[in-house]
Amino acid sequence: LLSLFDFRPAMPAPANQQEKEELAITYAALILHDDNLPITEENLNAILTAADVKVQPFWPRVFAKLLEGKDSAQIDDIILGGGAAPAVAGGAAAGGAEAAA
């Protein structure tokens, strides 16, 4: 018997070392974010060390600087690529009903 999970698309594996490192540092940042811990270079390195994952030394520094001072919603948008697209103004300028009249 098939389930809904049988139809999920396969997520492609990272193609090269750089993609693996980006994925590892992203996961480390998500772990810290989910635990409401500061996303600092030191904390990112601690997560990576605990997981026995090696990345280029610039990755934790870059992610820490990128996420420094951001609120929770901004961090979600940056890491997860979320957030809604900005609303488009209605009316004739946006091709609304007035434009067709």
# chains A, B, ... in the order shown; residues from 1 in each chain; ligands from 1
call {"tool": "residues_around", "arguments": {"residues": "Gln18 (chain A)", "least_positions_apart": "2", "cutoff": "12 Å", "atoms": "only C-alpha atoms", "output": "ChimeraX atom specification"}}
result
/A:14-16,20-25,54-56,58-59
call {"tool": "closest_residue", "arguments": {"among": "A:Glu68, A:Glu19, A:Asp76, A:Asp52", "to": "His33 (chain A)", "atoms": "only C-alpha atoms"}}
result
A:Asp76
call {"tool": "atom_distance", "arguments": {"atom1": "CA of Val62 (chain A)", "atom2": "CA of Asn36 (chain A)"}}
result
19.4 Å
call {"tool": "residues_around", "arguments": {"residues": "Lys65 (chain A)", "least_positions_apart": "2", "cutoff": "12 Å", "atoms": "only C-alpha atoms", "output": "ChimeraX atom specification"}}
result
/A:29,38-42,44,58-63,67-70,75
call {"tool": "closest_residue", "arguments": {"among": "A:Pro12, A:Leu80, A:Ala28, A:Leu66", "to": "Ala50 (chain A)", "atoms": "only C-alpha atoms"}}
result
A:Ala28
